[in-house]
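Participant: Pasting in a structure now, in structure tokens, and then I'll have a few things to ask.
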Number of protein chains: 6
Amino acid sequence: MPINNIDNLMRSQILSEALPYIQKFYKKTVVVKYGGNAMTDETLKNAVMSDIVLLSLIGIKIVLVHGGGPEINEMLGRVGLESKFINGLRYTDEETVEIVRMVLAGKVNKELVAHLTRHKGNAIGMCGIDGQMIVAKKTESDVDLGLVGDIVKINSAPILDTLGAGYIPVIATVACGEDGTVYNINADTAASRIAAELGAEKLILMTDIVGLLRDKDDPSTLINTVQVSEVPFMKRQGIISGGMIPKIDCCVEAVRRGVKGTCIIDGRVPHSILIELLSSEGVGTAFI
Amino acid sequence: MPINNIDNLMRSQILSEALPYIQKFYKKTVVVKYGGNAMTDETLKNAVMSDIVLLSLIGIKIVLVHGGGPEINEMLGRVGLESKFINGLRYTDEETVEIVRMVLAGKVNKELVAHLTRHKGNAIGMCGIDGQMIVAKKTESDVDLGLVGDIVKINSAPILDTLGAGYIPVIATVACGEDGTVYNINADTAASRIAAELGAEKLILMTDIVGLLRDKDDPSTLINTVQVSEVPFMKRQGIISGGMIPKIDCCVEAVRRGVKGTCIIDGRVPHSILIELLSSEGVGTAFI
Amino acid sequence: MPINNIDNLMRSQILSEALPYIQKFYKKTVVVKYGGNAMTDETLKNAVMSDIVLLSLIGIKIVLVHGGGPEINEMLGRVGLESKFINGLRYTDEETVEIVRMVLAGKVNKELVAHLTRHKGNAIGMCGIDGQMIVAKKTESDVDLGLVGDIVKINSAPILDTLGAGYIPVIATVACGEDGTVYNINADTAASRIAAELGAEKLILMTDIVGLLRDKDDPSTLINTVQVSEVPFMKRQGIISGGMIPKIDCCVEAVRRGVKGTCIIDGRVPHSILIELLSSEGVGTAFI
Amino acid sequence: MPINNIDNLMRSQILSEALPYIQKFYKKTVVVKYGGNAMTDETLKNAVMSDIVLLSLIGIKIVLVHGGGPEINEMLGRVGLESKFINGLRYTDEETVEIVRMVLAGKVNKELVAHLTRHKGNAIGMCGIDGQMIVAKKTESDVDLGLVGDIVKINSAPILDTLGAGYIPVIATVACGEDGTVYNINADTAASRIAAELGAEKLILMTDIVGLLRDKDDPSTLINTVQVSEVPFMKRQGIISGGMIPKIDCCVEAVRRGVKGTCIIDGRVPHSILIELLSSEGVGTAFI
Amino acid sequence: MPINNIDNLMRSQILSEALPYIQKFYKKTVVVKYGGNAMTDETLKNAVMSDIVLLSLIGIKIVLVHGGGPEINEMLGRVGLESKFINGLRYTDEETVEIVRMVLAGKVNKELVAHLTRHKGNAIGMCGIDGQMIVAKKTESDVDLGLVGDIVKINSAPILDTLGAGYIPVIATVACGEDGTVYNINADTAASRIAAELGAEKLILMTDIVGLLRDKDDPSTLINTVQVSEVPFMKRQGIISGGMIPKIDCCVEAVRRGVKGTCIIDGRVPHSILIELLSSEGVGTAFI
Amino acid sequence: MPINNIDNLMRSQILSEALPYIQKFYKKTVVVKYGGNAMTDETLKNAVMSDIVLLSLIGIKIVLVHGGGPEINEMLGRVGLESKFINGLRYTDEETVEIVRMVLAGKVNKELVAHLTRHKGNAIGMCGIDGQMIVAKKTESDVDLGLVGDIVKINSAPILDTLGAGYIPVIATVACGEDGTVYNINADTAASRIAAELGAEKLILMTDIVGLLRDKDDPSTLINTVQVSEVPFMKRQGIISGGMIPKIDCCVEAVRRGVKGTCIIDGRVPHSILIELLSSEGVGTAFI
């Protein structure tokens with residue numbers, strides 16, 4: 001729904017104020033890990049898709065990476081497969097990984113491509129199997145997690161070819177082993193590794209939280225920027241805890257591998273990606 | 001299993017005899033519609049995948065198009081959706097088309113890509129939604145078939161970009177409407193239209209029959225070559241009948257739209273694609 | 001001065017609403033004839049320069065064409081040359097044309113380039129002499145106007161080369177004859193002809209009026225869109241009269257030579273170019 | 001005026017003898033600093049322009065750099081601005097630098113482009129402001145020289161883009177600061193720095209003297225070649241003195257920054273550039 | 001031997017006067033048929049080789065075509081094969097054509113390449129067999145001439161590839177039939193057909209005569225230019241007769257097939273190619 | 001003669017089994033030194049030419065290098081020049097080197113090109129003189145060998161240009177000195193040096209022996225693979241002796257200069273190149 005109570009003058013001035021931010025990311029690569037409420041709420045989803053198309057038009061090489069938690073669970077339910085979680089990681093047998101691949105690469109991925117197309121974006125959906133983009137091996141751990149994989153190597157060629165031909169690459173985070181075995185991998189980690197391999201200017205992880213709070217019950221204590229070197233200390237302090245840990249580890253890892261900046265943004269805020277990239281204030285916590 | 005009772009000399013002579021056939025298709029586009037037994041039998045599948053990689057290496061621009069009948073039915077069964085067929089065409093409601101898309105683009109397509117990768121082929125899987133490759137609209141007919149679509153337009157850009165970047169494009173035949181609606185389309189028709197749009201040298205439809213027989217009970221009456229102008233007459237004669245009609249109509253349509261040659265080959269014969277393309281004898285019926 | 005009383009949410013939504021307009025002009029050429037108050041008022045000038053850089057970043061091939069009336073007069077005054085006007089056209093002797101060239105190509109042009117550079121734009125200033133871009137011959141008329149020229153030919157190569165190498169071309173409207181004689185030419189006409197030669201999507205003429213008014217004393221009677229075929233009738237009616245005639249003739253001529261759309265916008269409104277190109281409402285009168 | 005008393009045979013033999021010199025500079029960059037009498041005498045100017053076009057045609061990447069002393073003084077006089085010189089450097093206030101820029105970039109530069117065009121050369125005139133080609137900062141000195149600048153950086157991209165697109169770049173030596181301030185800079189120094197940045201094969205400074213003389217009153221004592229390491233000694237000896245010092249310092253600086261050869265040639269000799277580049281004898285003093 | 005009695009000033013002026021001629025042929029193709037005395041006299045040969053290198057450097061796409069009469073006869077003599085001539089055309093049996101090919105492609109051709117290399121030219125020698133450049137069939141005539149061929153087709157690709165990669169193509173006029181048979185062909189005709197296929201600006205045939213004379217005993221009656229439409233009349237008048245006929249027919253044929261200008265020049269004059277191309281006077285007779 | 005007693009199925013399976021070998025050499029450079037019986041026996045020659053075309057089509061950058069012993073001797077005989085051999089190397093006077101060049105570059109080379117053309121290959125014949133490809137100097141030795149040369153430098157540009165333009169380069173091993181003198185060089189050495197300069201994947205030397213035998217009288221003692229470090233020891237043992245020494249030295253030298261693998265194959269076996277490259281067994285001895 002367009003904003004009507006703003007006249008054109010103000011409208012144009014706001015556009016004009018985006019100039020330095022557009023210049024900052026011009027011809028740079030930005031990897032967006034899409035997930036959470038922004039993926040299930042239709043209005044939010046619509047805003048994200050529109051933002052992605054906009055960003056691709058203003059010269060940003062945008063790469064959309066996604067998982068698909070709820071839809072996987074729903075389909076596993078429909079076919080009568082029970083989701084087992086071990087230490088917060090899904091146990092994945094062969095039947096399950098089949099469903100995971102099918103849902104991610106055949107349902108979620110193609111829906112996103114169709115959505116971008118509806119906004120006149122030009123997108124191509126791929127998964128880690130295409131062009132051997134994400135190579136994984138079985139995760140080694142005390143508890144057997146089945147076909148859960150650790151990323152061994154990102155092959156950026158298919159992403160670069162797709163960007164170079166003028167498409168927005170949409171990547172479902174399914175990986176394959178050297179022997180062709182399909183692995184379920186963590187989508188945040190995949191996004192982090194892809195951003196690193198592409199030498200991205202920025203990695204954005206969409207979440208359902210305001211950001212990192214100094215006091216977890218007080219949104220006014222949002223921490224805007226964290227140096228990655230502070231993270232271990234913040235973990236010990238308990239500021240970073242629980243479900244935040246793996247997400248923030250992805251940010252830290254990306255920065256260590258050369259990504260200029262990473263951030264966790266609140267996907268529940270409409271157009272949060274635009275706010276993050278094209279305004280003076282971020283909408284979450286940046287890790288640099 | 002390698003053939004051992006042939007010495008190297010004979011082996012090299014056979015390779016050498018393929019030269020004129022390789023020259024014939026060098027830098028030309030060949031569209032293969034993959035289906036039938038060759039898709040379900042592991043040995044046959046393996047041979048097809050190996051052939052596709054080989055053909056792509058010897059300079060043929062090969063495009064693999066596939067549907068996925070049995071796997072769709074199986075998944076529809078698993079989620080408790082009944083397949084309705086009207087006049088031999090599947091009635092497709094929204095839930096069903098979701099499953100169709102998911103199975104074709106997320107399961108069959110990615111399995112083929114993985115298979116080609118195992119043979120060291122460099123493939124990228126796509127469906128008609130990616131880059132708006134196959135645009136369709138609801139099929140108009142007396143009986144409502146639901147989300148069954150007729151192809152309105154093939155956008156060859158994503159296929160050409162993929163070929164140009166050195167990948168084998170593997171295309172799942174799901175289409176989308178201008179408004180983003182997903183349509184179930186006939187895979188043979190899609191292959192025919194894609195071949196036409198690419199100005200292909202050859203369209204190969206893999207089937208489970210020997211070819212077109214003058215006497216349907218006598219394999220020795222195989223017709224090697226048919227002029228497309230003879231087809232109406234052969235239909236009236238009953239030589240072309242039943243399930244053959246739509247397939248042969250695809251061949252005729254492709255030739256009319258500029259494809260140099262089309263053929264229906266017996267997918268039950270291992271390496272039937274190689275025999276068709278690289279030897280003096282075809283393995284089915286050609287329509288020219 | 002940034003607008004502060006708007007929160008980021010609204011800000012991002014406004015950016016988001018620009019998407020369809022950005023798509024409309026993506027990779028298209030837009031020629032802006034810069035002049036009037038927007039050229040003399042520092043705040044307006046600043047806004048125009050910022051807009052030009054913004055538009056070039058979001059994928060529009062923008063070409064800035066300018067004259068320089070007041071600065072020419074001032075310099076002519078400083079060197080003691082009197083400006084003679086005949087039928088509203090400046091009489092131009094050799095000494096005068098020297099000053100015109102010097103002021104346009106050496107002062108106004110380079111100031112604009114410097115201004116764009118300050119906004120981090122990448123611009124190159126040229127005039128019609130460079131690469132023989134604007135070829136003219138002496139205007140034939142009853143009254144001798146001296147070195148006033150009519151455009152014979154636009155050579156688009158230097159403009160296209162400059163755009164292709166990633167610069168914003170800034171063009172001072174001085175022309176040269178086949179024999180090297182320098183001619184003073186009308187800047188609106190030059191912009192119109194350049195737009196035509198480039199096959200521009202849009203020609204924007206900046207003026208100091210609201211647009212074409214049905215009743216010239218009532219701004220509320222602004223005419224938004226005029227078919228070029230209506231222009232002769234509107235001239236007879238007196239709606240188009242006086243100083244508007246040559247400007248509107250430039251618009252008509254551009255449309256006749258293939259420019260998709262032209263418009264006369266009010267340069268006194270800050271960011272009027274952005275409003276014209278990136279919002280639903282224009283800010284003047286379009287001729288199509 | 002063509003030479004008639006030479007028959008075609010001799011004519012062709014002379015052309016033929018130029019071969020090794022043409023080969024020496026083929027595809028190499030040569031920077032010519034144009035100035036002195038060769039710039040004011042019409043016959044000499046004509047010969048230089050013709051030479052530049054010829055050299056560009058025979059495969060030399062020629063870059064023409066110019067200042068404009070007399071014309072600046074004349075215009076300063078016409079607008080009633082007095083030229084102040086401090087230690088041989090012009091004191092430059094804001095009004096003066098405006099006139100300098102205008103005369104150099106708008107008069108001299110465009111006249112040269114027009115002149116080259118008359119010889120069917122394809123030239124584009126630029127100044128140090130275009131594409132931020134010459135970045136300067138205020139000269140630090142005991143005496144304030146106003147807007148006199150020292151070159152901080154040469155951005156060769158616009159020169160290379162112009163050469164690459166097939167034009168002869170003609171460069172007026174006006175510079176701009178990071179903040180957009182315009183600076184008056186020394187043209188010889190600018191030519192020297194441009195030559196260095198381009199990795200030129202040769203830098204030619206046109207002067208109004210025969211060259212460096214061992215005995216300044218005896219032209220027969222012309223020194224053909226000087227090693228840059230000898231320059232300090234020659235200064236102490238007084239062989240290099242007065243106005244020669246800054247010019248020779250430019251040569252020395254260029255060689256130190258990687259230019260293969262530099263020379264001071266006598267611009268009063270017609271076609272002195274051709275003689276220098278395309279014959280066995282130079283026409284001045286080379287610094288290597 | 002360099003000309004010493006000319007000072008550098010005159011030298012440079014002569015170079016300068018070549019400018020309009022260099023511009024005329026810049027980036028154009030010129031085919032030189034080399035033959036006669038210029039091929040046997042070492043001084044003349046040296047001048048031609050130097051001219052060819054010079055012309056290639058100043059931007060002319062020069063193609064050198066040659067036969068090799070005297071050297072063929074000498075080798076035929078050495079191996080004891082008698083030269084038979086029928087109607088002025090050599091009768092060519094299989095043994096003879098072998099020698100012809102060997103001498104043309106292996107001796108004359110490579111000597112020319114080596115000669116050009118000595119002048120620092122970058123040349124590649126080829127014959128009509130390479131890349132199937134000159135396809136011929138057996139000449140049909142009343143008298144059997146053996147393996148004498150008529151040109152069926154010129155394949156310009158290898159010549160264009162060689163020019164495009166920066167080499168001077170040197171072409172020995174041996175042709176091959178579709179079946180690989182080698183044919184002896186007329187070198188003038190081959191040059192004419194090659195010039196036509198390349199859309200050359202000029203074809204130059206080097207001969208041992210002054211040009212076409214109105215009175216064959218009076219060199220002062222040299223005809224400078226002939227319209228090809230006048231040729232039949234001049235044949236009837238006897239002005240064109242004897243050995244001139246086939247050469248002039250080649251010129252006429254080339255003009256008819258689109259070559260802009262052709263000429264017969266006196267190869268006995270040193271640097272006659274330079275005189276022809278780079279001065280106001282030709283050195284023979286032009287056919288246009 | 002095609003093999004008929006093999007059905008299409010077996011035929012296609014054999015083609016299919018070549019896949020991994022095709023992949024191994026895809027886009028890699030292979031240099032074949034052609035010589036011995038394979039050059040004189042028409043059936044063998046035909047098989048080699050067909051193999052070369054086949055290999056070039058399946059994506060291998062194949063370079064054919066040849067000498068021409070018997071044909072040189074024959075021509076020397078015909079013109080009455082006696083072949084003198086000193087220490088197994090031909091003494092070469094000026095007359096002889098002329099014949100050598102003529103036969104290699106004009107006869108053997110062009111016959112091979114014609115032969116490849118007959119198999120629809122697209123070939124260009126060159127020798128070491130073209131584009132200064134093989135630069136040599138007089139061999140220094142105790143005994144004067146006349147115009148026998150040692151290779152000083154390989155200039156790969158003409159080979160790469162020819163490959164890049166899609167031709168098969170066929171290279172006659174004649175070299176030229178810096179001063180243009182023609183030298184007779186050893187063809188095996190030339191092939192070795194060319195392979196090294198091109199960074200070839202493989203160098204194949206065709207010979208008339210089975211390979212390196214542990215017991216020279218027992219073909220069953222064929223050594224399949226030799227590490228180049230073993231060669232000195234095998235020479236001391238006498239396993240490598242006589243005419244094998246220079247050939248094997250070429251292999252060793254090529255490996256030392258970076259060629260991945262070299263081999264001596266039995267040219268008397270039809271299609272030995274195909275067997276070597278496209279099957280599991282080699283047909284001679286590899287040096288790695």
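Identifiers for the structure tokens are assigned positionally: chains receive A, B, ... in sequence, residues are indexed from 1 per chain, and ligands are indexed from 1 in the order shown.
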Can you pull out the residues contacting region 242-257 of chain C? Cut-off 7 Å, using only C-alpha atoms, and skip same-chain residues under 5 positions away; I want them as a list in words.
Facilitator: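 Using only C-alpha atoms, the neighbours found are Asp188, Thr189, Ser192, Arg193, Ala195, Ala196, Val228, Thr262, Phe287 and Ile288 of chain C.
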Participant: Quick one: contact table of chain D to chain C, 6 Å max, nearest atom pair and distance in Å to one decimal per residue, counting only C-alpha atoms, chain and number order, as a Markdown table?
Facilitator:
| residue | atom | partner | partner_atom | distance |
| --- | --- | --- | --- | --- |
| D:Arg78 | CA | C:Val79 | CA | 5.5 |
| D:Val79 | CA | C:Val79 | CA | 5.3 |
| D:Met102 | CA | C:Gly106 | CA | 4.0 |
| D:Ala105 | CA | C:Gly106 | CA | 4.6 |
| D:Gly106 | CA | C:Gly106 | CA | 3.5 |
| D:Lys107 | CA | C:Met102 | CA | 5.1 |
| D:Ala114 | CA | C:Gly180 | CA | 5.8 |
| D:Asn122 | CA | C:Gly131 | CA | 5.6 |
| D:Ala123 | CA | C:Gly131 | CA | 5.3 |
| D:Ile124 | CA | C:Asp130 | CA | 4.6 |
| D:Asp130 | CA | C:Ile124 | CA | 4.7 |
| D:Gly131 | CA | C:Ala123 | CA | 5.3 |
| D:Gly180 | CA | C:Ala114 | CA | 5.8 |
Participant: Step one, run DSSP on the backbone; step two, keep only residues of region 101-249 of chain F assigned to strand (DSSP E or B); then write them as a compact mmCIF listing (two decimals) with N, CA, C and O atoms, in the first residue's frame.
Facilitator:
# COMPACT_ATOMS: atom_id res chain seq x y z
N ALA F 123 42.64 -26.90 -41.33
CA ALA F 123 44.05 -26.83 -40.94
C ALA F 123 44.78 -25.69 -41.63
O ALA F 123 44.40 -25.27 -42.73
N ILE F 124 45.81 -25.18 -40.98
CA ILE F 124 46.70 -24.21 -41.61
C ILE F 124 48.13 -24.69 -41.42
O ILE F 124 48.53 -25.05 -40.31
N GLY F 125 48.85 -24.74 -42.54
CA GLY F 125 50.24 -25.19 -42.51
C GLY F 125 51.19 -24.03 -42.33
O GLY F 125 51.01 -22.98 -42.94
N MET F 126 52.17 -24.22 -41.47
CA MET F 126 53.16 -23.17 -41.23
C MET F 126 54.52 -23.84 -41.09
O MET F 126 54.62 -25.06 -40.93
N CYS F 127 55.58 -23.02 -41.13
CA CYS F 127 56.88 -23.54 -40.75
C CYS F 127 57.49 -22.59 -39.74
O CYS F 127 56.88 -21.57 -39.38
N ILE F 134 60.04 -20.48 -34.96
CA ILE F 134 61.19 -21.24 -34.43
C ILE F 134 62.47 -20.47 -34.77
O ILE F 134 62.85 -20.37 -35.94
N VAL F 135 63.10 -19.92 -33.76
CA VAL F 135 64.34 -19.17 -33.98
C VAL F 135 65.52 -20.09 -33.61
O VAL F 135 65.51 -20.71 -32.55
N ALA F 136 66.49 -20.18 -34.51
CA ALA F 136 67.64 -21.07 -34.27
C ALA F 136 68.95 -20.33 -34.50
O ALA F 136 68.97 -19.21 -35.01
N LYS F 137 70.01 -20.96 -34.06
CA LYS F 137 71.35 -20.48 -34.41
C LYS F 137 72.18 -21.69 -34.82
O LYS F 137 71.81 -22.84 -34.53
N LYS F 138 73.29 -21.44 -35.50
CA LYS F 138 74.13 -22.52 -36.01
C LYS F 138 74.58 -23.41 -34.85
O LYS F 138 75.01 -22.93 -33.81
N GLY F 146 77.37 -27.37 -41.21
CA GLY F 146 76.74 -26.43 -42.15
C GLY F 146 75.56 -25.76 -41.51
O GLY F 146 75.61 -25.35 -40.35
N VAL F 148 72.96 -26.51 -39.99
CA VAL F 148 72.17 -27.25 -39.00
C VAL F 148 72.08 -26.35 -37.78
O VAL F 148 73.07 -25.76 -37.37
N GLY F 149 70.85 -26.20 -37.26
CA GLY F 149 70.66 -25.23 -36.20
C GLY F 149 70.18 -25.82 -34.88
O GLY F 149 69.61 -26.91 -34.84
N ASP F 150 70.47 -25.10 -33.82
CA ASP F 150 69.91 -25.40 -32.50
C ASP F 150 68.82 -24.38 -32.20
O ASP F 150 69.00 -23.19 -32.47
N ILE F 151 67.74 -24.85 -31.62
CA ILE F 151 66.63 -23.94 -31.34
C ILE F 151 67.00 -23.00 -30.21
O ILE F 151 67.47 -23.41 -29.15
N VAL F 152 66.81 -21.70 -30.44
CA VAL F 152 67.11 -20.68 -29.45
C VAL F 152 65.84 -20.29 -28.70
O VAL F 152 65.84 -20.02 -27.51
N LYS F 153 64.73 -20.29 -29.45
CA LYS F 153 63.49 -19.76 -28.88
C LYS F 153 62.30 -20.22 -29.70
O LYS F 153 62.37 -20.29 -30.92
N ILE F 154 61.23 -20.58 -29.01
CA ILE F 154 59.96 -20.87 -29.69
C ILE F 154 59.04 -19.69 -29.41
O ILE F 154 58.86 -19.29 -28.26
N ILE F 168 43.65 -26.40 -37.05
CA ILE F 168 44.68 -27.33 -36.60
C ILE F 168 46.00 -26.82 -37.17
O ILE F 168 46.15 -26.78 -38.39
N PRO F 169 46.96 -26.41 -36.32
CA PRO F 169 48.24 -25.97 -36.87
C PRO F 169 49.09 -27.18 -37.27
O PRO F 169 49.24 -28.12 -36.49
N VAL F 170 49.62 -27.13 -38.49
CA VAL F 170 50.52 -28.18 -38.99
C VAL F 170 51.86 -27.50 -39.21
O VAL F 170 51.95 -26.54 -39.99
N ILE F 171 52.89 -27.98 -38.51
CA ILE F 171 54.14 -27.23 -38.48
C ILE F 171 55.31 -28.01 -39.07
O ILE F 171 55.66 -29.09 -38.58
N ALA F 172 55.88 -27.44 -40.14
CA ALA F 172 57.09 -28.01 -40.73
C ALA F 172 58.30 -27.48 -39.97
O ALA F 172 58.41 -26.28 -39.74
N VAL F 174 61.29 -26.24 -39.98
CA VAL F 174 62.38 -25.44 -40.54
C VAL F 174 62.49 -24.22 -39.63
O VAL F 174 61.47 -23.70 -39.19
N ALA F 175 63.71 -23.80 -39.33
CA ALA F 175 63.87 -22.66 -38.43
C ALA F 175 64.58 -21.52 -39.14
O ALA F 175 65.18 -21.70 -40.20
N CYS F 176 64.47 -20.33 -38.58
CA CYS F 176 65.27 -19.25 -39.14
C CYS F 176 66.04 -18.53 -38.05
O CYS F 176 65.61 -18.45 -36.90
N VAL F 182 68.21 -19.64 -43.00
CA VAL F 182 67.35 -20.80 -42.76
C VAL F 182 68.19 -21.93 -42.19
O VAL F 182 69.31 -22.16 -42.65
N TYR F 183 67.68 -22.60 -41.16
CA TYR F 183 68.41 -23.73 -40.58
C TYR F 183 67.59 -25.01 -40.64
O TYR F 183 66.37 -24.99 -40.46
N ASN F 184 68.27 -26.09 -40.87
CA ASN F 184 67.69 -27.42 -40.76
C ASN F 184 67.74 -27.81 -39.29
O ASN F 184 68.78 -27.69 -38.65
N LYS F 202 50.50 -33.32 -23.24
CA LYS F 202 51.15 -34.53 -23.74
C LYS F 202 51.91 -34.25 -25.03
O LYS F 202 51.48 -33.48 -25.87
N LEU F 203 53.07 -34.92 -25.13
CA LEU F 203 53.84 -34.92 -26.38
C LEU F 203 53.90 -36.37 -26.84
O LEU F 203 54.29 -37.26 -26.07
N ILE F 204 53.50 -36.60 -28.09
CA ILE F 204 53.52 -37.96 -28.64
C ILE F 204 54.52 -38.00 -29.79
O ILE F 204 54.38 -37.25 -30.75
N LEU F 205 55.53 -38.85 -29.67
CA LEU F 205 56.48 -39.04 -30.78
C LEU F 205 56.14 -40.35 -31.48
O LEU F 205 56.19 -41.42 -30.86
N MET F 206 55.79 -40.26 -32.77
CA MET F 206 55.47 -41.49 -33.52
C MET F 206 56.76 -42.11 -34.04
O MET F 206 57.57 -41.43 -34.68
N THR F 207 56.95 -43.40 -33.80
CA THR F 207 58.17 -44.08 -34.23
C THR F 207 57.80 -45.38 -34.96
O THR F 207 56.63 -45.69 -35.11
N LEU F 213 62.11 -51.59 -25.02
CA LEU F 213 62.08 -53.00 -24.58
C LEU F 213 63.21 -53.24 -23.59
O LEU F 213 64.32 -52.75 -23.77
N LEU F 222 58.18 -55.05 -23.21
CA LEU F 222 57.89 -53.62 -23.37
C LEU F 222 57.76 -52.93 -22.00
O LEU F 222 57.07 -53.41 -21.11
N THR F 225 56.07 -47.53 -18.66
CA THR F 225 56.28 -46.19 -18.13
C THR F 225 57.69 -46.06 -17.56
O THR F 225 58.17 -46.97 -16.87
N VAL F 226 58.31 -44.95 -17.85
CA VAL F 226 59.65 -44.68 -17.33
C VAL F 226 59.63 -43.30 -16.65
O VAL F 226 59.11 -42.34 -17.21
Participant: Which residues in region 7-92 of chain E does DSSP call helix (DSSP H, G or I)? List them as a VMD selection string.
Facilitator: chain E and resid 8 to 17 19 to 25 37 to 40 42 to 57 69 to 78
Participant: Okay, now the selection with C-alpha atoms, as an mmCIF file, in the first residue's frame?
Facilitator:
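Done, and the output landed in selection_24.cif:
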data_model
loop_
_atom_site.group_PDB
_atom_site.id
_atom_site.type_symbol
_atom_site.label_atom_id
_atom_site.label_comp_id
_atom_site.auth_asym_id
_atom_site.auth_seq_id
_atom_site.Cartn_x
_atom_site.Cartn_y
_atom_site.Cartn_z
ATOM 1 C CA ASN E 8 65.533 16.938 -41.771
ATOM 2 C CA LEU E 9 63.176 19.799 -42.376
ATOM 3 C CA MET E 10 62.437 18.755 -45.907
ATOM 4 C CA ARG E 11 62.315 15.165 -44.782
ATOM 5 C CA SER E 12 59.676 15.897 -42.184
ATOM 6 C CA GLN E 13 57.683 18.021 -44.576
ATOM 7 C CA ILE E 14 57.560 15.178 -47.052
ATOM 8 C CA LEU E 15 56.365 12.843 -44.323
ATOM 9 C CA SER E 16 53.773 15.395 -43.384
ATOM 10 C CA GLU E 17 52.505 15.627 -46.949
ATOM 11 C CA LEU E 19 48.974 12.519 -44.271
ATOM 12 C CA PRO E 20 45.922 12.730 -46.557
ATOM 13 C CA TYR E 21 46.990 9.570 -48.374
ATOM 14 C CA ILE E 22 47.510 7.680 -45.137
ATOM 15 C CA GLN E 23 44.044 8.815 -44.053
ATOM 16 C CA LYS E 24 42.563 7.612 -47.320
ATOM 17 C CA PHE E 25 43.722 4.026 -46.823
ATOM 18 C CA ASN E 37 61.416 -7.673 -61.996
ATOM 19 C CA ALA E 38 60.488 -6.468 -58.532
ATOM 20 C CA MET E 39 60.647 -10.117 -57.525
ATOM 21 C CA THR E 40 64.004 -10.959 -59.070
ATOM 22 C CA GLU E 42 67.337 -7.775 -54.973
ATOM 23 C CA THR E 43 67.274 -3.975 -54.551
ATOM 24 C CA LEU E 44 63.709 -3.723 -55.819
ATOM 25 C CA LYS E 45 62.643 -6.697 -53.719
ATOM 26 C CA ASN E 46 64.114 -5.099 -50.648
ATOM 27 C CA ALA E 47 62.222 -1.875 -51.339
ATOM 28 C CA VAL E 48 58.937 -3.747 -51.812
ATOM 29 C CA MET E 49 59.364 -5.695 -48.569
ATOM 30 C CA SER E 50 60.165 -2.509 -46.678
ATOM 31 C CA ASP E 51 57.130 -0.783 -48.238
ATOM 32 C CA ILE E 52 54.813 -3.643 -47.280
ATOM 33 C CA VAL E 53 55.953 -3.474 -43.651
ATOM 34 C CA LEU E 54 55.606 0.311 -43.620
ATOM 35 C CA LEU E 55 52.084 0.183 -45.059
ATOM 36 C CA SER E 56 51.015 -2.468 -42.549
ATOM 37 C CA LEU E 57 52.275 -0.259 -39.708
ATOM 38 C CA GLY E 69 57.453 -17.967 -62.640
ATOM 39 C CA PRO E 70 61.249 -17.967 -62.962
ATOM 40 C CA GLU E 71 61.870 -20.057 -59.865
ATOM 41 C CA ILE E 72 59.354 -22.665 -61.011
ATOM 42 C CA ASN E 73 61.058 -22.935 -64.378
ATOM 43 C CA GLU E 74 64.448 -23.223 -62.754
ATOM 44 C CA MET E 75 63.329 -26.040 -60.478
ATOM 45 C CA LEU E 76 61.496 -27.818 -63.278
ATOM 46 C CA GLY E 77 64.768 -27.651 -65.176
ATOM 47 C CA ARG E 78 66.765 -29.004 -62.263
#
